[in-house]
Each structure stands twice: as C-alpha cells, then as structure tokens.
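Printed here is my_file.csv (CSV, C-alpha atoms):
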```
chain,number,residue,atom,x,y,z
I,1,VAL,CA,27.5,35.3,79.4
I,2,VAL,CA,24.8,32.7,80.2
I,3,PHE,CA,25.2,30.5,83.2
I,4,TRP,CA,23.5,27.1,83.8
I,5,ASP,CA,20.8,27.3,86.5
I,6,PRO,CA,20.7,23.8,88.1
I,7,MET,CA,17.4,24.4,89.9
I,8,THR,CA,15.6,25.5,86.8
I,9,THR,CA,17.0,22.5,84.9
I,10,MET,CA,16.1,20.2,87.8
I,11,GLN,CA,12.5,21.5,87.9
I,12,LYS,CA,12.2,20.9,84.1
I,13,LEU,CA,13.5,17.4,84.5
I,14,LEU,CA,11.1,16.6,87.3
I,15,VAL,CA,8.2,18.0,85.4
I,16,ALA,CA,9.2,16.0,82.3
I,17,ALA,CA,9.6,12.8,84.4
I,18,VAL,CA,6.1,13.3,86.0
I,19,ALA,CA,4.6,14.1,82.6
I,20,SER,CA,6.0,10.9,81.2
I,21,GLY,CA,4.7,8.9,84.2
I,22,ALA,CA,8.1,8.0,85.5
I,23,PHE,CA,7.0,8.3,89.1
I,24,GLY,CA,3.7,6.5,88.6
I,25,LEU,CA,1.8,9.7,88.5
I,26,SER,CA,-0.6,10.4,85.8
I,27,SER,CA,0.4,12.8,83.1
I,28,SER,CA,-2.8,14.7,83.8
I,29,ILE,CA,-1.2,16.0,87.0
I,30,ALA,CA,1.7,17.5,85.0
I,31,SER,CA,-0.5,19.0,82.3
I,32,ALA,CA,-3.4,20.2,84.4
I,33,ARG,CA,-1.7,21.4,87.5
I,34,TRP,CA,2.1,21.7,87.1
I,35,ARG,CA,2.2,23.6,83.9
I,36,SER,CA,-0.9,25.7,84.4
I,37,SER,CA,-0.7,29.0,86.3
I,38,ASP,CA,-4.5,28.9,86.8
I,39,VAL,CA,-5.3,25.8,88.9
I,40,SER,CA,-9.0,25.4,89.2
I,41,THR,CA,-9.0,22.7,91.8
I,42,ALA,CA,-7.9,23.1,95.4
I,43,LEU,CA,-4.3,22.5,96.4
I,44,PRO,CA,-4.6,21.6,100.0
I,45,LEU,CA,-1.6,22.0,102.3
I,46,ARG,CA,-1.7,21.8,106.1
I,47,ILE,CA,0.5,24.3,107.9
I,48,ASP,CA,0.4,24.7,111.7
I,49,GLY,CA,-2.9,22.8,112.0
I,50,GLU,CA,-4.7,24.7,109.4
I,51,TRP,CA,-5.6,23.6,105.8
I,52,VAL,CA,-5.0,26.2,103.2
I,53,ASP,CA,-5.6,26.3,99.4
I,54,ALA,CA,-2.4,27.1,97.6
I,55,SER,CA,-3.8,26.7,94.1
I,56,GLY,CA,-4.0,30.5,93.5
I,57,TYR,CA,-0.5,31.1,94.8
I,58,ALA,CA,1.3,28.1,93.1
I,59,ALA,CA,2.3,30.0,90.0
I,60,LYS,CA,3.9,32.8,92.1
I,61,HIS,CA,5.7,30.4,94.5
I,62,LYS,CA,9.5,31.0,94.2
I,63,GLY,CA,10.2,27.4,94.8
I,64,GLY,CA,8.0,26.4,91.9
I,65,ALA,CA,4.4,25.2,91.5
I,66,TRP,CA,5.7,21.7,91.2
I,67,LEU,CA,6.9,21.7,94.8
I,68,LEU,CA,3.5,22.7,96.1
I,69,GLU,CA,1.9,20.1,93.9
I,70,TYR,CA,4.3,17.5,95.3
I,71,ALA,CA,3.2,18.5,98.8
I,72,ARG,CA,-0.5,18.3,97.9
I,73,GLY,CA,-2.6,16.9,100.8
I,74,LYS,CA,0.3,16.8,103.3
I,75,ASP,CA,1.2,18.4,106.6
I,76,VAL,CA,4.2,20.6,105.6
I,77,SER,CA,4.5,22.6,108.8
I,78,PHE,CA,8.1,21.5,109.5
I,79,LEU,CA,9.2,22.0,105.9
I,80,PHE,CA,7.5,25.4,105.7
I,81,LYS,CA,9.4,26.7,108.7
I,82,SER,CA,12.7,25.0,107.8
I,83,ILE,CA,12.8,26.2,104.2
I,84,HIS,CA,11.7,29.8,104.8
I,85,VAL,CA,14.4,30.5,107.4
I,86,MET,CA,15.8,33.6,105.7
I,87,HIS,CA,12.6,35.6,105.6
I,88,PRO,CA,10.0,33.9,107.8
I,89,GLU,CA,8.0,37.2,108.0
I,90,ARG,CA,7.5,37.2,104.2
I,91,ALA,CA,6.5,33.6,104.2
I,92,LYS,CA,4.0,34.2,107.0
I,93,VAL,CA,2.4,37.1,105.1
I,94,ALA,CA,2.1,34.9,102.0
I,95,LEU,CA,0.6,32.1,104.1
I,96,ALA,CA,-1.9,34.5,105.7
I,97,SER,CA,-3.0,35.6,102.2
I,98,LEU,CA,-4.0,32.0,101.3
I,99,PRO,CA,-7.7,31.0,101.6
I,100,ARG,CA,-8.5,28.6,104.4
I,101,LEU,CA,-10.2,25.4,103.3
I,102,PRO,CA,-13.6,24.5,104.9
I,103,VAL,CA,-13.4,21.5,107.2
I,104,ASP,CA,-15.5,19.4,104.7
I,105,GLU,CA,-13.1,20.1,101.8
I,106,ALA,CA,-9.9,19.3,103.8
I,107,PRO,CA,-8.4,15.9,103.5
I,108,THR,CA,-9.4,13.7,106.4
I,109,GLN,CA,-6.0,12.1,107.1
I,110,PRO,CA,-3.1,14.3,106.1
I,111,LEU,CA,0.0,12.5,105.0
I,112,VAL,CA,2.9,13.8,107.0
I,113,PHE,CA,6.4,13.9,105.5
I,114,SER,CA,8.5,11.3,107.3
I,115,TYR,CA,11.1,12.7,109.8
I,116,GLY,CA,12.6,9.3,110.6
I,117,SER,CA,11.4,6.0,112.1
I,118,GLY,CA,8.5,7.4,114.1
I,119,ASP,CA,6.0,10.1,113.0
I,120,ASP,CA,5.1,10.7,116.6
I,121,GLU,CA,8.4,12.3,117.4
I,122,LYS,CA,8.6,15.4,115.2
I,123,PRO,CA,11.7,17.6,115.6
I,124,ILE,CA,11.3,20.8,117.5
I,125,VAL,CA,11.3,23.6,115.0
I,126,ASP,CA,11.6,26.6,117.3
I,127,SER,CA,14.7,25.4,119.3
I,128,ALA,CA,17.5,27.6,120.7
I,129,LEU,CA,19.9,26.0,118.2
I,130,ARG,CA,17.7,27.0,115.3
I,131,ALA,CA,17.3,30.5,116.6
I,132,GLU,CA,21.1,30.8,117.0
I,133,LEU,CA,21.8,29.4,113.5
I,134,HIS,CA,19.1,31.8,112.1
I,135,GLU,CA,20.9,34.7,113.7
I,136,MET,CA,24.3,33.6,112.4
I,137,VAL,CA,23.0,33.3,108.8
I,138,ARG,CA,21.4,36.8,109.1
I,139,GLU,CA,24.6,38.3,110.4
I,140,ARG,CA,26.6,36.8,107.6
I,141,PHE,CA,24.3,37.4,104.7
I,142,GLY,CA,22.0,40.2,106.0
I,143,ASP,CA,18.4,40.3,104.8
I,144,ASP,CA,19.1,40.3,101.1
I,145,THR,CA,18.8,36.7,99.8
I,146,ALA,CA,20.7,37.7,96.7
I,147,GLN,CA,23.8,37.8,98.9
I,148,THR,CA,23.5,34.1,99.5
I,149,LYS,CA,23.7,33.3,95.8
I,150,ALA,CA,27.0,32.6,94.0
I,151,THR,CA,28.1,35.4,91.7
I,152,ALA,CA,29.5,35.1,88.2
I,153,ALA,CA,33.0,35.7,89.5
I,154,HIS,CA,32.5,32.9,92.0
I,155,TRP,CA,31.6,30.5,89.3
I,156,VAL,CA,34.6,31.5,87.1
I,157,ARG,CA,36.9,31.0,90.1
I,158,THR,CA,35.3,27.6,90.8
I,159,ALA,CA,35.7,26.5,87.2
I,160,LEU,CA,39.3,27.7,87.0
I,161,LEU,CA,40.3,26.0,90.3
I,162,SER,CA,38.4,22.8,89.2
I,163,GLY,CA,40.5,22.8,86.0
I,164,LEU,CA,43.6,23.1,88.2
I,165,ALA,CA,42.5,20.1,90.3
I,166,ALA,CA,41.7,18.1,87.2
I,167,SER,CA,45.1,18.9,85.7
I,168,CYS,CA,46.7,17.8,89.0
I,169,TRP,CA,44.8,14.5,88.8
I,170,VAL,CA,46.1,14.0,85.2
I,171,GLY,CA,49.6,14.8,86.3
I,172,TRP,CA,49.3,12.4,89.2
I,173,ALA,CA,48.1,9.6,86.9
I,174,ARG,CA,51.1,10.2,84.7
I,175,GLY,CA,53.4,10.0,87.7
I,176,ASP,CA,54.4,13.7,87.9
I,177,PRO,CA,55.6,14.4,91.5
I,178,VAL,CA,54.9,18.1,91.3
I,179,ALA,CA,51.2,17.5,90.3
I,180,ALA,CA,50.9,14.9,93.0
I,181,ALA,CA,52.3,17.4,95.6
I,182,ALA,CA,49.9,20.2,94.3
I,183,LEU,CA,46.8,18.0,94.3
I,184,PRO,CA,45.9,18.6,98.0
I,185,LEU,CA,46.3,22.3,97.6
I,186,ALA,CA,44.2,22.3,94.4
I,187,HIS,CA,41.4,20.5,96.1
I,188,TRP,CA,41.6,22.8,99.2
I,189,LEU,CA,41.3,25.8,96.9
I,190,VAL,CA,38.3,24.5,95.1
```
Structure re-expressed in structure tokens:
Amino acid sequence: VVFWDPMTTMQKLLVAAVASGAFGLSSSIASARWRSSDVSTALPLRIDGEWVDASGYAAKHKGGAWLLEYARGKDVSFLFKSIHVMHPERAKVALASLPRLPVDEAPTQPLVFSYGSGDDEKPIVDSALRAELHEMVRERFGDDTAQTKATAAHWVRTALLSGLAASCWVGWARGDPVAAAALPLAHWLV
C-alpha cells in the first residue's frame, strides 16, 4: 500500500514554483542550489549570534535543502529552537558540525524572520511554558520521533470515518433525520 506524503509533495510543489519563477526568484536558485546536493557557494545562516555555512549539510537536512535555502542570510535562532523541540541535542550536534563563516564572509545585516509588529520584541524561547510543553511531549511520545507520525492504521480509520461524515452530510442534504442526528457524532469521531 502506498500512502501520499504531503510534505514530500509540498516540497516538490515549492521547488517547481521557485524553478518557474512564481515567487520572483530566479530559476538559477532552484537549479543550482535547491536540486544540487553539492552546493559550492556558502549558505549563511545566523543561529545564536554566530554565522554558519549550511551548504555542506543542506542535502542531509531532514526538513529539506529548500528550507535552508529559503532561510539563506537570515537569523533563524528562534525557528531553530522551535522546530527542533523533540531532539534539541541532535540539532545542537549537527549545528556544532557546521563550519563557522569568517566575519568578512557573513552578511552585514541579517534579515530576521518577523515575529509580529516589532522586531525588537522577540519571544523568549527558553521559557517555563516551553520547558513544560517540551516535557509533556516527551512524556507522551518518548524520544522516538517515529511515534509522533500517523500509522497506516490511523490513516485507514481517518479515511473510513471521513467517509461516514461525508455520507451523513449527503443524508442531511436529502433531509434524512437519522443522518442529520448522526452528523455531530461522525465529525467528533473524525
């Protein structure tokens, strides 16, 4: 049985859109950097005040090379800590393995991803709430990230229950009182 992987499909769509110039980026970015596992130019990212070159790691990045390319030249400290919440130790090891960029090769004014109306007020990443949420996620799922993914059985149940909800909507549209009564339950089950 083959299941649709939305992230893989989304990544392919984004790469195709960039390659076609849909976002105003040149197609050379897509061909030279996004599809290539051997990036010859630096891929500067700023994390915790240090500029690193992620070009040699981009092909191995589990989130995809396109994501690192999208963040090129930006301060991604907040995103780095937020996204790598399940295994921050592994992320720090990978970060430590990246070469540091010399000061003269680093961008002079990093673009910071916007957090709201003011860039001066960045959210506190290491808060008590974040630590508590991190612990709750670890207690629920453990250290194995595979446990956080939906299983084939989960997708089958979701599809069957979605079919039940759809049939209730059809029954409701036809004026069937049983289908109308079952509709809230069907949606709750989905």
Inset, instruction - Kindly give the distance, in Å, that separates CA of Gly49 (chain I) and CA of Ser97 (chain I), rounded to a single decimal. - result: 16.1 Å
Legend entry - Point-to-point distance from CA of Ala65 (chain I) to CA of Leu43 (chain I), Å rounded to tenths: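 Taking CA of Ala65 (chain I) and CA of Leu43 (chain I), their separation equals 10.3 Å.
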Inset, instruction - Pick out the closest residue to Pro184 (chain I) from this set: I:Leu67, I:Val76, I:Ala165, I:Ile47. Count all atoms listed in the file. - result: I:Ala165
Inset, instruction - Grab the CA of Val137 (chain I) to CA of Lys149 (chain I) distance for me, in Å with one decimal place. - result: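 Between CA of Val137 (chain I) and CA of Lys149 (chain I) the gap is 13.0 Å.
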Legend entry - Which residue of I:Asp143, I:Ala181, I:Gly171, I:Trp188 approaches Thr158 (chain I) most closely, using all atoms listed in the file: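 Going through I:Asp143, I:Ala181, I:Gly171, I:Trp188 one by one, the smallest distance to Thr158 (chain I) is for I:Trp188.
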Inset, instruction - Using only C-alpha atoms, find the one residue out of I:Ala42, I:Val170, I:Met86, I:Ala91 that sits nearest to Gly142 (chain I). - result: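 Comparing I:Ala42, I:Val170, I:Met86, I:Ala91 against Gly142 (chain I), the winner is I:Met86.
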Legend entry - Sphere at (7.3, 20.3, 96.2), radius 12 Å, counting all atoms listed in the file: residues as a list in words: Gln11, Leu14, Val15, Trp34, Leu43, Leu45, Ala54, Ala58, His61, Lys62, Gly63, Gly64, Ala65, Trp66, Leu67, Leu68, Glu69, Tyr70, Ala71, Arg72, Gly73, Lys74, Val76, Leu79, Phe80, Ile83 and Phe113 of chain I
Inset, instruction - Return the single residue from I:Val156, I:Leu161, I:Ala94, I:Ala106 that is closest to Asp75 (chain I), with distances computed using only C-alpha atoms. - result: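 Result for the nearest residue to Asp75 (chain I): I:Ala106.
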Legend entry - Among listed residues I:Gly175, I:Val93, I:His154, I:Gly163, nearest His187 (chain I) (using all atoms listed in the file):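 Among the listed residues, the smallest separation from His187 (chain I) belongs to I:Gly163.
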